[in-house]
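Colleague: Dropping in final-v6.txt, which is compact mmCIF, C-alpha atoms:
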# COMPACT_ATOMS: atom_id res chain seq x y z
CA MET A 1 70.59 -59.17 223.93
CA LYS A 2 72.06 -56.00 225.40
CA ARG A 3 74.34 -55.61 222.39
CA TRP A 4 71.36 -55.72 220.05
CA LEU A 5 69.54 -53.10 222.08
CA LEU A 6 72.60 -50.90 222.02
CA LEU A 7 72.96 -51.35 218.26
CA LEU A 8 69.32 -50.48 217.75
CA LEU A 9 69.63 -47.35 219.88
CA ILE A 10 72.77 -46.23 218.04
CA VAL A 11 71.14 -46.62 214.64
CA ALA A 12 68.02 -44.82 215.90
CA ALA A 13 70.18 -41.96 217.18
CA ALA A 14 71.97 -41.66 213.84
CA LEU A 15 68.62 -41.52 212.04
CA ALA A 16 67.29 -38.97 214.51
CA LEU A 17 70.23 -36.67 213.81
CA VAL A 18 69.14 -36.33 210.18
CA VAL A 19 65.38 -36.70 210.47
CA VAL A 20 64.60 -34.41 213.43
CA PRO A 21 65.98 -31.18 211.89
CA VAL A 22 63.90 -31.74 208.76
CA VAL A 23 60.80 -32.30 210.88
CA LEU A 24 61.54 -29.15 212.87
CA ILE A 25 61.95 -27.00 209.77
CA GLN A 26 58.88 -28.04 207.82
CA PRO A 27 57.35 -25.58 205.36
CA PHE A 28 53.81 -25.79 206.65
CA LYS A 29 54.40 -25.93 210.34
CA PRO A 30 55.10 -22.80 212.34
CA GLN A 31 58.50 -22.75 213.98
CA THR A 32 59.54 -21.24 217.26
CA GLU A 33 62.94 -19.83 218.14
CA ARG A 34 63.73 -22.89 220.25
CA SER A 35 62.89 -25.44 217.60
CA LEU A 36 65.03 -23.53 215.09
CA ALA A 37 67.94 -23.44 217.51
CA ALA A 38 67.52 -27.19 218.10
CA GLY A 39 67.40 -27.81 214.35
CA TYR A 40 70.57 -25.79 213.86
CA ALA A 41 72.43 -27.62 216.60
CA LEU A 42 71.39 -31.05 215.31
CA LYS A 43 72.32 -30.16 211.74
CA SER A 44 75.71 -28.88 212.86
CA TRP A 45 76.49 -32.09 214.73
CA ALA A 46 74.96 -34.49 212.25
CA PRO A 47 77.92 -35.04 209.88
CA LEU A 48 80.33 -35.89 212.69
CA GLY A 49 77.72 -37.50 214.92
CA THR A 50 76.34 -39.88 212.30
CA LEU A 51 79.88 -40.89 211.32
CA ALA A 52 80.81 -41.64 214.92
CA LEU A 53 77.57 -43.53 215.59
CA ALA A 54 77.92 -45.51 212.37
CA ALA A 55 81.50 -46.41 213.30
CA VAL A 56 80.37 -47.71 216.72
CA ALA A 57 77.51 -49.59 215.05
CA LEU A 58 79.98 -51.18 212.65
CA LEU A 59 82.19 -52.23 215.55
CA LEU A 60 79.29 -53.78 217.45
CA ALA A 61 78.09 -55.55 214.33
CA ALA A 62 81.58 -56.90 213.64
CA ARG A 63 81.72 -58.34 217.18
CA ALA A 64 78.34 -60.00 216.75
CA TRP A 65 79.19 -61.24 213.26
CA ARG A 66 81.70 -63.98 214.09
CA GLY A 67 80.15 -67.37 214.63
CA SER A 68 76.56 -66.21 214.17
CA ARG A 69 73.78 -67.71 212.04
CA TRP A 70 72.90 -66.43 208.59
CA TRP A 71 69.76 -64.68 209.74
CA THR A 72 71.74 -62.88 212.42
CA LYS A 73 74.17 -61.72 209.78
CA ALA A 74 71.24 -60.56 207.64
CA ALA A 75 69.73 -58.60 210.55
CA LEU A 76 73.09 -56.94 211.22
CA VAL A 77 73.41 -55.85 207.59
CA LEU A 78 69.86 -54.54 207.66
CA LEU A 79 70.66 -52.43 210.70
CA LEU A 80 73.84 -51.05 209.16
CA VAL A 81 72.01 -49.81 206.07
CA PRO A 82 70.12 -47.00 207.87
CA ALA A 83 73.29 -46.15 209.76
CA ALA A 84 75.19 -45.69 206.51
CA ALA A 85 72.23 -43.87 205.00
CA SER A 86 72.22 -41.34 207.82
CA VAL A 87 75.93 -40.65 207.29
CA TRP A 88 75.16 -39.93 203.64
CA ALA A 89 71.97 -37.97 204.42
CA SER A 90 73.74 -35.68 206.88
CA ARG A 91 75.83 -34.43 203.99
CA GLN A 92 72.91 -33.68 201.68
CA ASN A 93 70.92 -30.48 201.48
CA ILE A 94 67.32 -31.64 201.11
CA TYR A 95 66.14 -28.09 200.43
CA GLU A 96 68.43 -27.84 197.45
CA VAL A 97 67.12 -31.19 196.27
CA MET A 98 63.59 -29.76 196.41
CA PHE A 99 64.65 -26.42 194.93
CA ASN A 100 67.73 -26.80 192.76
CA PRO A 101 70.02 -23.81 193.10
CA LEU A 102 71.02 -21.87 190.02
CA GLU A 103 74.73 -22.61 190.07
CA ARG A 104 75.59 -20.59 186.98
CA PRO A 105 72.90 -17.91 186.52
CA ALA A 106 72.56 -16.77 182.94
CA TYR A 107 70.85 -13.73 181.52
CA VAL A 108 69.30 -12.58 178.27
CA SER A 109 68.26 -9.23 176.85
CA PRO A 110 64.65 -8.11 177.46
CA ALA A 111 63.77 -8.84 173.84
CA GLU A 112 64.99 -12.42 174.14
CA ALA A 113 63.03 -13.12 177.34
CA ASN A 114 60.16 -14.92 175.64
CA TYR A 115 59.53 -17.16 178.66
CA ILE A 116 57.73 -14.46 180.62
CA GLY A 117 54.76 -12.30 179.71
CA ASP A 118 54.34 -8.56 180.08
CA ALA A 119 52.04 -8.99 183.08
CA ASP A 120 54.42 -11.33 184.94
CA MET A 121 56.12 -9.82 187.97
CA VAL A 122 59.85 -9.30 188.16
CA LEU A 123 62.17 -8.19 190.96
CA ALA A 124 64.03 -5.24 189.49
CA VAL A 125 67.31 -3.67 190.57
CA GLU A 126 69.33 -0.81 189.20
CA ARG A 127 72.79 0.34 190.26
CA GLY A 128 75.51 2.23 188.42
CA GLY A 129 73.52 2.19 185.21
CA GLU A 130 73.12 -1.58 185.30
CA ARG A 131 69.53 -2.86 185.27
CA VAL A 132 68.55 -6.43 186.06
CA ALA A 133 65.17 -8.17 186.24
CA TYR A 134 64.63 -11.45 188.11
CA PRO A 135 61.30 -13.01 187.10
CA VAL A 136 59.33 -13.91 190.20
CA ARG A 137 58.31 -17.30 188.78
CA LEU A 138 61.96 -18.30 188.53
CA MET A 139 62.81 -16.80 191.92
CA ALA A 140 59.90 -18.59 193.58
CA TYR A 141 61.64 -21.83 192.68
CA HIS A 142 65.33 -21.06 193.10
CA HIS A 143 64.78 -18.75 196.10
CA ILE A 144 68.35 -17.43 196.01
CA VAL A 145 70.34 -16.15 193.04
CA ALA A 146 73.80 -14.64 193.48
CA ASP A 147 74.67 -11.72 191.23
CA THR A 148 76.79 -8.60 191.02
CA VAL A 149 75.03 -5.37 190.07
CA GLY A 150 76.84 -2.08 189.65
CA GLY A 151 79.87 -3.75 191.18
CA VAL A 152 78.01 -4.80 194.32
CA PRO A 153 77.72 -8.55 195.12
CA ILE A 154 74.11 -9.30 196.02
CA ALA A 155 71.74 -12.16 196.64
CA ALA A 156 68.36 -11.86 194.96
CA THR A 157 65.88 -13.66 197.20
CA TYR A 158 62.22 -14.48 197.06
CA MET B 1 67.48 -8.35 197.90
CA TRP B 2 70.60 -8.27 200.03
CA GLU B 3 74.19 -7.15 199.74
CA THR B 4 76.26 -10.20 200.51
CA THR B 5 79.40 -8.55 201.81
CA VAL B 6 79.40 -8.49 205.61
CA GLU B 7 82.17 -6.68 207.51
CA GLY B 8 84.31 -6.75 204.42
CA ARG B 9 83.82 -10.45 203.83
CA ALA B 10 82.03 -11.89 200.77
CA LEU B 11 79.42 -14.44 201.81
CA HIS B 12 77.80 -17.07 199.59
CA PHE B 13 74.30 -18.19 200.50
CA ARG B 14 72.49 -21.49 200.10
CA LEU B 15 68.99 -22.58 201.00
CA ALA B 16 68.90 -24.06 204.49
CA GLY B 17 65.26 -24.34 205.44
CA ILE B 18 61.82 -22.82 205.25
CA ASN B 19 60.58 -20.85 208.23
CA ASN B 20 57.09 -19.45 208.59
CA GLN B 21 56.71 -19.08 204.82
CA ASN B 22 59.96 -17.29 204.50
CA PHE B 23 63.15 -19.19 204.22
CA ILE B 24 66.43 -19.64 205.97
CA MET B 25 69.74 -19.14 204.22
CA ARG B 26 73.07 -20.52 205.25
CA ASP B 27 76.33 -18.83 204.37
CA GLU B 28 78.97 -21.24 203.12
CA GLU B 29 81.73 -19.36 204.89
CA THR B 30 80.56 -19.82 208.50
CA GLY B 31 77.49 -22.04 208.28
CA SER B 32 75.41 -19.40 210.08
CA TRP B 33 71.67 -19.25 209.48
CA TRP B 34 70.04 -16.06 208.20
CA GLN B 35 66.39 -15.18 207.83
CA GLN B 36 65.53 -14.25 204.26
CA ILE B 37 62.86 -11.69 205.10
CA SER B 38 64.83 -9.64 207.60
CA GLY B 39 68.42 -10.31 206.56
CA GLU B 40 69.21 -11.04 210.18
CA CYS B 41 71.56 -13.81 211.22
CA ILE B 42 69.63 -15.82 213.82
CA LEU B 43 72.00 -18.71 214.57
CA GLY B 44 75.68 -19.46 214.27
CA PRO B 45 79.00 -17.56 214.41
CA LEU B 46 77.58 -14.42 212.77
CA LYS B 47 74.46 -14.29 214.93
CA GLY B 48 73.15 -10.77 215.30
CA ARG B 49 74.66 -9.40 212.08
CA ARG B 50 72.27 -7.96 209.54
CA LEU B 51 72.58 -7.92 205.78
CA LYS B 52 72.35 -4.54 204.09
CA SER B 53 69.32 -4.39 201.88
CA PHE B 54 69.69 -3.52 198.21
CA ASP B 55 67.07 -1.22 196.68
CA HIS B 56 64.68 -3.03 194.45
CA ASP B 57 61.18 -2.91 192.99
CA GLU B 58 58.59 -5.52 192.26
CA LEU B 59 57.16 -4.57 188.87
CA THR B 60 55.45 -6.11 185.91
CA PHE B 61 57.85 -7.04 183.12
CA ALA B 62 56.13 -4.49 180.86
CA THR B 63 56.61 -1.63 183.32
CA TRP B 64 60.26 -2.61 183.85
CA LYS B 65 60.87 -2.64 180.10
CA ALA B 66 59.11 0.69 179.68
CA GLU B 67 61.31 2.37 182.28
CA GLY B 68 64.60 1.57 180.56
CA ALA B 69 65.71 0.31 177.20
CA GLN B 70 68.65 -1.78 178.30
CA GLY B 71 69.05 -4.40 180.97
CA ARG B 72 69.35 -8.12 181.45
CA VAL B 73 66.77 -10.70 182.50
CA LEU B 74 67.45 -13.89 184.43
CA ARG B 75 67.06 -16.99 182.29
CA PRO B 76 65.44 -20.22 183.45
CA ASP B 77 67.52 -23.35 184.02
CA PRO B 78 66.78 -25.52 180.96
CA LYS B 79 66.70 -28.73 183.06
CA ILE B 80 64.17 -27.29 185.52
CA GLU B 81 62.11 -25.90 182.69
CA ALA B 82 62.10 -29.21 180.85
CA ALA B 83 60.99 -30.95 184.04
CA ARG B 84 58.21 -28.35 184.40
CA GLN B 85 59.31 -27.57 187.93
CA TYR B 86 58.77 -23.85 187.65
CA ALA B 87 55.36 -22.81 188.90
CA PRO B 88 52.69 -22.13 186.30
CA ALA B 89 51.66 -18.54 185.63
CA ASP B 90 48.83 -18.60 188.17
CA TRP B 91 50.90 -20.06 191.00
CA GLU B 92 49.99 -17.26 193.36
CA GLN B 93 46.40 -18.44 193.33
CA SER B 94 47.39 -21.88 194.60
CA VAL B 95 49.51 -20.33 197.34
CA ALA B 96 46.46 -18.35 198.39
CA ARG B 97 44.66 -21.64 199.04
CA MET B 98 47.40 -23.14 201.21
CA ARG B 99 47.17 -23.47 204.96
CA VAL B 100 48.58 -20.59 206.89
CA ALA B 101 51.61 -21.63 208.93
CA THR B 102 52.34 -19.06 211.58
CA THR B 103 53.23 -18.56 215.21
CA LEU B 104 50.58 -15.85 215.54
CA ALA B 105 47.90 -16.81 218.04
CA ASN B 106 45.24 -15.50 215.67
CA PRO B 107 46.42 -14.94 212.09
CA ASN B 108 43.04 -13.50 211.18
CA GLU B 109 43.24 -10.75 213.78
CA GLY B 110 42.92 -7.33 212.19
CA LEU B 111 42.45 -8.63 208.67
CA PRO B 112 41.80 -12.06 207.12
CA ALA B 113 45.12 -13.90 207.14
CA ARG B 114 45.61 -14.05 203.38
CA THR B 115 44.67 -10.46 202.66
CA LEU B 116 47.20 -9.01 200.26
CA VAL B 117 48.77 -5.90 201.75
CA VAL B 118 51.48 -3.42 200.89
CA GLY B 119 53.69 -3.22 203.96
CA VAL B 120 55.77 -0.11 204.64
CA GLU B 121 58.28 0.79 207.34
CA ALA B 122 59.13 4.42 208.10
CA GLY B 123 60.44 6.35 211.05
CA GLY B 124 60.46 3.22 213.18
CA ARG B 125 56.79 2.44 212.56
CA SER B 126 55.11 -0.03 210.24
CA LYS B 127 51.81 0.00 208.43
CA ALA B 128 49.94 -2.33 206.13
CA TYR B 129 47.93 -0.91 203.24
CA PRO B 130 45.43 -3.49 201.98
CA PHE B 131 45.90 -3.96 198.26
CA GLU B 132 42.16 -3.70 197.76
CA ALA B 133 42.13 -0.28 199.42
CA LEU B 134 44.91 0.85 197.10
CA GLU B 135 42.95 -0.35 194.09
CA ARG B 136 39.97 1.75 195.22
CA GLN B 137 41.98 4.79 196.36
CA ASN B 138 45.06 5.36 194.23
CA PRO B 139 47.36 7.00 195.25
CA ILE B 140 47.12 6.81 199.04
CA THR B 141 48.42 9.83 200.88
CA ASP B 142 49.54 9.11 204.41
CA ALA B 143 52.18 9.78 207.01
CA LEU B 144 54.09 7.12 208.91
CA GLY B 145 56.58 7.66 211.69
CA GLY B 146 56.73 11.31 210.74
CA VAL B 147 57.39 10.59 207.08
CA PRO B 148 54.80 11.97 204.63
CA LEU B 149 54.38 9.25 202.05
CA LEU B 150 52.45 8.27 198.94
CA VAL B 151 51.51 4.71 197.99
CA VAL B 152 51.04 4.43 194.23
CA LEU B 153 49.67 1.61 192.10
CA ALA B 154 50.88 1.62 188.50
CA GLU B 155 48.60 1.51 185.50
CA ASP B 156 49.39 -2.22 185.18
CA GLY B 157 47.40 -2.72 188.38
CA LYS B 158 50.21 -4.73 189.97
CA SER B 159 53.38 -2.66 190.39
CA VAL B 160 53.50 -0.63 193.60
CA ARG B 161 55.88 2.10 194.72
CA VAL B 162 55.98 4.22 197.83
CA PHE B 163 57.40 7.73 197.72
CA ASP B 164 58.58 10.17 200.36
CA ARG B 165 56.59 13.33 199.61
CA ARG B 166 59.14 15.70 201.06
CA LEU B 167 60.98 18.01 198.68
CA ASP B 168 62.89 21.15 199.65
CA GLY B 169 61.60 21.06 203.20
CA ARG B 170 57.90 20.76 202.41
CA ALA B 171 55.55 17.83 201.84
CA LEU B 172 53.91 17.77 198.41
CA ASP B 173 50.28 16.80 197.96
CA LEU B 174 49.99 14.53 194.95
CA TYR B 175 46.97 13.40 192.99
CA MET B 176 46.44 11.18 190.01
CA LYS B 177 45.78 13.12 186.82
CA THR B 178 42.47 11.73 185.60
CA GLY B 179 42.75 9.33 182.73
CA SER B 180 46.49 8.81 182.91
CA ASN B 181 49.29 7.28 184.93
CA THR B 182 50.83 10.62 185.87
CA LEU B 183 50.67 12.38 189.21
CA LEU B 184 50.19 16.09 189.77
CA ASP B 185 51.36 17.99 192.80
CA ALA B 186 49.04 20.63 194.23
CA GLN B 187 51.89 22.97 195.11
CA THR B 188 53.30 23.58 191.60
CA GLY B 189 51.15 21.58 189.21
CA SER B 190 54.18 19.64 188.01
CA GLU B 191 53.58 16.23 186.47
CA TRP B 192 55.29 13.15 187.94
CA ASP B 193 55.68 9.67 186.49
CA PHE B 194 55.70 6.29 188.20
CA THR B 195 59.45 6.54 188.87
CA GLY B 196 58.77 9.61 191.00
CA THR B 197 60.45 11.94 188.51
CA ALA B 198 58.85 15.25 187.55
CA LEU B 199 58.71 15.51 183.77
CA VAL B 200 56.72 18.69 183.28
CA GLY B 201 56.45 21.90 185.28
CA GLU B 202 58.37 23.93 187.80
CA LEU B 203 59.85 20.87 189.50
CA SER B 204 60.81 19.18 186.25
CA GLY B 205 63.82 16.91 186.67
CA ARG B 206 63.40 16.47 190.43
CA LYS B 207 63.01 13.01 191.93
CA LEU B 208 61.02 11.95 194.97
CA GLY B 209 62.73 9.72 197.52
CA ARG B 210 61.57 6.13 197.75
CA LEU B 211 60.48 3.89 200.57
CA ARG B 212 60.51 0.15 200.11
CA PRO B 213 57.09 -1.52 200.00
CA LEU B 214 56.65 -5.22 200.60
CA LYS B 215 53.71 -6.90 198.93
CA ASP B 216 52.84 -9.65 201.37
CA TYR B 217 50.05 -11.57 203.02
CA TRP B 218 48.67 -9.89 206.14
CA PHE B 219 49.51 -12.76 208.51
CA ASP B 220 53.12 -12.84 207.36
CA TRP B 221 53.53 -9.05 207.63
CA LYS B 222 52.03 -9.12 211.12
CA THR B 223 54.33 -11.92 212.22
CA TYR B 224 57.40 -9.79 211.53
CA HIS B 225 55.78 -6.46 212.43
CA PRO B 226 53.66 -7.21 215.51
CA ASP B 227 52.96 -3.51 216.19
CA THR B 228 51.89 -2.71 212.66
CA ALA B 229 49.08 -0.30 211.97
CA VAL B 230 46.50 -0.98 209.28
CA TYR B 231 45.28 1.54 206.75
CA THR B 232 41.56 1.81 206.28
CA LEU B 233 39.86 3.77 203.49
CA GLY B 234 38.92 7.20 204.62
CA ASP B 235 41.91 7.58 206.95
As structure tokens, please, write out the structure in this file.

Modeller:
Amino acid sequence: MKRWLLLLLIVAAALALVVVPVVLIQPFKPQTERSLAAGYALKSWAPLGTLALAAVALLLAARAWRGSRWWTKAALVLLLVPAAASVWASRQNIYEVMFNPLERPAYVSPAEANYIGDADMVLAVERGGERVAYPVRLMAYHHIVADTVGGVPIAATY
Amino acid sequence: MWETTVEGRALHFRLAGINNQNFIMRDEETGSWWQQISGECILGPLKGRRLKSFDHDELTFATWKAEGAQGRVLRPDPKIEAARQYAPADWEQSVARMRVATTLANPNEGLPARTLVVGVEAGGRSKAYPFEALERQNPITDALGGVPLLVVLAEDGKSVRVFDRRLDGRALDLYMKTGSNTLLDAQTGSEWDFTGTALVGELSGRKLGRLRPLKDYWFDWKTYHPDTAVYTLGD
């Protein structure tokens, strides 16, 4: 019985490592300095932490596996699934899933930019004779676009 | 708009979270977290560093095209476009209906939370100019932190620039020439365009210095500038 409780707690901890940071950094909830710091710490430890917890869970499950009934085996597998999922989840960037980054930004001439209208807003930069416009509608989705303007590496953000 | 080289080191930024309507960026090199609106590193090995801001404008596409023949425009990602993930043209209206997420005790203090303002920082002070006030009184002549400034709305009704009115040791008084998009200064009668360049008159060829405005919602501006002043018509 104790082993099951331990297994449950370990899987819960692994899940918490990936779920809590996302809950702390929600778009429509205000965040405080402390909750951000907690989110950062949890996210930093999650890849290693979930791996370690999943490894312990696997060990415990292996011990309980031998000589057990089929429904016990099924329950063990069911518990290992969220453990494995949290190992995978800790290595994903959910924000980039929601807002795909522009890995290879491409540009066109003003005349070719038929996807925006004259009244649409753009972020505009100019340096060393080089002029670039980042349409706000695109920036509102991608949030960050890396570029080099007038020889200076920048990040356009919105 | 930020320069991404910090202490000689090129950083590459990814999205790491959304915080109070602004977002958090993470640099791939150290994993530190940076606030998008202030460029400040708030957590991680580079905590305390600040990104250097890169001069930029927020203009209508038409005004940007009119101010220079050449240039390049960011293209959409064809996959995102095909999936219709980019916001529709009136997306700002739906944002205006969203709940306000803020740590301010009263986001409606001073002005209604979602009032559109033009925020300016100068001489260590900050001030919010309600967009509606600018629409009624264009340009706005003011002084902030000892800097004589001018808030100007372009003819397109959307592009905003803020100029430092000082030239050759004196502060110019500028007015809109009736029926056009050009400004006139009272001191010499020279005509100035929306880029702050004098095209006609004694000061022809001279350029006014620029301050960086931020078009933002009042509650968001106040969150990051708690001591901000507010401009009221007739100031």

Colleague: In Å, with one decimal, what is the gap from CA of Trp33 (chain B) to CA of Val11 (chain A)?

Modeller: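 Taking CA of Trp33 (chain B) as the start and CA of Val11 (chain A) as the end point, the length is 27.9 Å.
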
Colleague: Could you please select, counting all atoms listed in the file, the residues of chain A within 6 Å of chain B and state them as an MDAnalysis selection string?

Modeller: chainID A and resid 27:30 106:109 118:125 131:134 153:157

Colleague: What is the CA of Ser68 (chain A)-CA of Val56 (chain A) distance in Å, reported with one decimal?

Modeller: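 Straight-line distance from CA of Ser68 (chain A) to CA of Val56 (chain A) works out to 19.1 Å.
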
Colleague: Padding of 6 Å on every side, edges along x, y and z, all listed atoms of region 147-158 of chain B included: what centre and edge lengths in Å, to one decimal, does that box have, as JSON?

Modeller:
{"center_x": 52.4, "center_y": 3.6, "center_z": 196.1, "size_x": 22.0, "size_y": 28.7, "size_z": 33.9}

Colleague: In Å, with one decimal, what is the gap from CA of Thr188 (chain B) to CA of Leu203 (chain B)?

Modeller: 7.4 Å

Colleague: Given the choices A:Met139, A:Ala38, A:Leu8, A:Met1, which gets closest to Val20 (chain A) if the distance is worked out from all atoms listed in the file?

Modeller: A:Ala38

Colleague: I need every residue sitting at most 12 Å from the point (58.8, 2.5, 196.5) (coordinates as in the file, only C-alpha atoms considered), written as an mmCIF file with C-alpha atoms, in the coordinates of the input.

Modeller:
data_model
loop_
_atom_site.group_PDB
_atom_site.id
_atom_site.type_symbol
_atom_site.label_atom_id
_atom_site.label_comp_id
_atom_site.auth_asym_id
_atom_site.auth_seq_id
_atom_site.Cartn_x
_atom_site.Cartn_y
_atom_site.Cartn_z
ATOM 1 C CA ALA A 124 64.030 -5.240 189.490
ATOM 2 C CA ASP B 55 67.070 -1.220 196.680
ATOM 3 C CA HIS B 56 64.680 -3.030 194.450
ATOM 4 C CA ASP B 57 61.180 -2.910 192.990
ATOM 5 C CA GLU B 58 58.590 -5.520 192.260
ATOM 6 C CA LEU B 59 57.160 -4.570 188.870
ATOM 7 C CA VAL B 118 51.480 -3.420 200.890
ATOM 8 C CA GLY B 119 53.690 -3.220 203.960
ATOM 9 C CA VAL B 120 55.770 -0.110 204.640
ATOM 10 C CA GLU B 121 58.280 0.790 207.340
ATOM 11 C CA ALA B 122 59.130 4.420 208.100
ATOM 12 C CA LEU B 149 54.380 9.250 202.050
ATOM 13 C CA LEU B 150 52.450 8.270 198.940
ATOM 14 C CA VAL B 151 51.510 4.710 197.990
ATOM 15 C CA VAL B 152 51.040 4.430 194.230
ATOM 16 C CA LEU B 153 49.670 1.610 192.100
ATOM 17 C CA ALA B 154 50.880 1.620 188.500
ATOM 18 C CA SER B 159 53.380 -2.660 190.390
ATOM 19 C CA VAL B 160 53.500 -0.630 193.600
ATOM 20 C CA ARG B 161 55.880 2.100 194.720
ATOM 21 C CA VAL B 162 55.980 4.220 197.830
ATOM 22 C CA PHE B 163 57.400 7.730 197.720
ATOM 23 C CA ASP B 164 58.580 10.170 200.360
ATOM 24 C CA ARG B 165 56.590 13.330 199.610
ATOM 25 C CA PHE B 194 55.700 6.290 188.200
ATOM 26 C CA THR B 195 59.450 6.540 188.870
ATOM 27 C CA GLY B 196 58.770 9.610 191.000
ATOM 28 C CA LEU B 208 61.020 11.950 194.970
ATOM 29 C CA GLY B 209 62.730 9.720 197.520
ATOM 30 C CA ARG B 210 61.570 6.130 197.750
ATOM 31 C CA LEU B 211 60.480 3.890 200.570
ATOM 32 C CA ARG B 212 60.510 0.150 200.110
ATOM 33 C CA PRO B 213 57.090 -1.520 200.000
ATOM 34 C CA LEU B 214 56.650 -5.220 200.600
ATOM 35 C CA LYS B 215 53.710 -6.900 198.930
#

Colleague: Near Phe131 (chain B), within 8 Å and counting only C-alpha atoms, which residues show up once chain neighbours fewer than 6 positions away are dropped, as a count of residues only?

Modeller: 4

Colleague: Find, counting all atoms listed in the file, the residue in B:Ala83, B:Arg26, B:Gly39, B:Arg136 that gets nearest to Gly234 (chain B).

Modeller: B:Arg136

Colleague: From the options A:Gly67, A:Pro82, A:Pro135, A:Gly150, which residue's atoms come nearest to Ala13 (chain A), counting only C-alpha atoms?

Modeller: A:Pro82

Colleague: Residues near region 169-175 of chain B, anyone? I mean within 9 Å using all atoms listed in the file, not counting same-chain ones fewer than 3 positions away, as a PDB file with C-alpha atoms, keeping the file's coordinate frame.

Modeller:
ATOM      1  CA  ASN B 138      45.060   5.360 194.230  1.00  0.00           C
ATOM      2  CA  PRO B 139      47.360   7.000 195.250  1.00  0.00           C
ATOM      3  CA  ILE B 140      47.120   6.810 199.040  1.00  0.00           C
ATOM      4  CA  THR B 141      48.420   9.830 200.880  1.00  0.00           C
ATOM      5  CA  PRO B 148      54.800  11.970 204.630  1.00  0.00           C
ATOM      6  CA  LEU B 149      54.380   9.250 202.050  1.00  0.00           C
ATOM      7  CA  LEU B 150      52.450   8.270 198.940  1.00  0.00           C
ATOM      8  CA  ASP B 164      58.580  10.170 200.360  1.00  0.00           C
ATOM      9  CA  ARG B 165      56.590  13.330 199.610  1.00  0.00           C
ATOM     10  CA  ARG B 166      59.140  15.700 201.060  1.00  0.00           C
ATOM     11  CA  THR B 178      42.470  11.730 185.600  1.00  0.00           C
ATOM     12  CA  THR B 182      50.830  10.620 185.870  1.00  0.00           C
ATOM     13  CA  LEU B 183      50.670  12.380 189.210  1.00  0.00           C
ATOM     14  CA  LEU B 184      50.190  16.090 189.770  1.00  0.00           C
ATOM     15  CA  ASP B 185      51.360  17.990 192.800  1.00  0.00           C
ATOM     16  CA  ALA B 186      49.040  20.630 194.230  1.00  0.00           C
ATOM     17  CA  GLN B 187      51.890  22.970 195.110  1.00  0.00           C
ATOM     18  CA  THR B 188      53.300  23.580 191.600  1.00  0.00           C
ATOM     19  CA  TRP B 192      55.290  13.150 187.940  1.00  0.00           C
TER      20      TRP B 192
END

Colleague: Taking only C-alpha atoms into account, name the residue in B:Pro45, B:Asp220, B:Val6, B:Lys177 that is nearest to Tyr40 (chain A).

Modeller: B:Pro45

Colleague: For a quick check of understanding, using only C-alpha atoms, which of B:Lys127, B:Val147, B:Asn181, B:Ala66 has the smallest distance to Thr228 (chain B)?

Modeller: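 Using only C-alpha atoms, Thr228 (chain B) sits closest to B:Lys127.
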
Colleague: Please work out which residues fall within 12 Å of (78.9, -42.4, 212.3), coordinates as given in the file, with only C-alpha atoms counting, and return them as a PyMOL selection string.

Modeller: chain A and resi 10-15+17-18+45-59+80-91

Colleague: Quick one: of B:Gly8, B:Gly205, B:Pro226, B:Pro78, who's nearest to Asn100 (chain A), counting only C-alpha atoms?

Modeller: B:Pro78
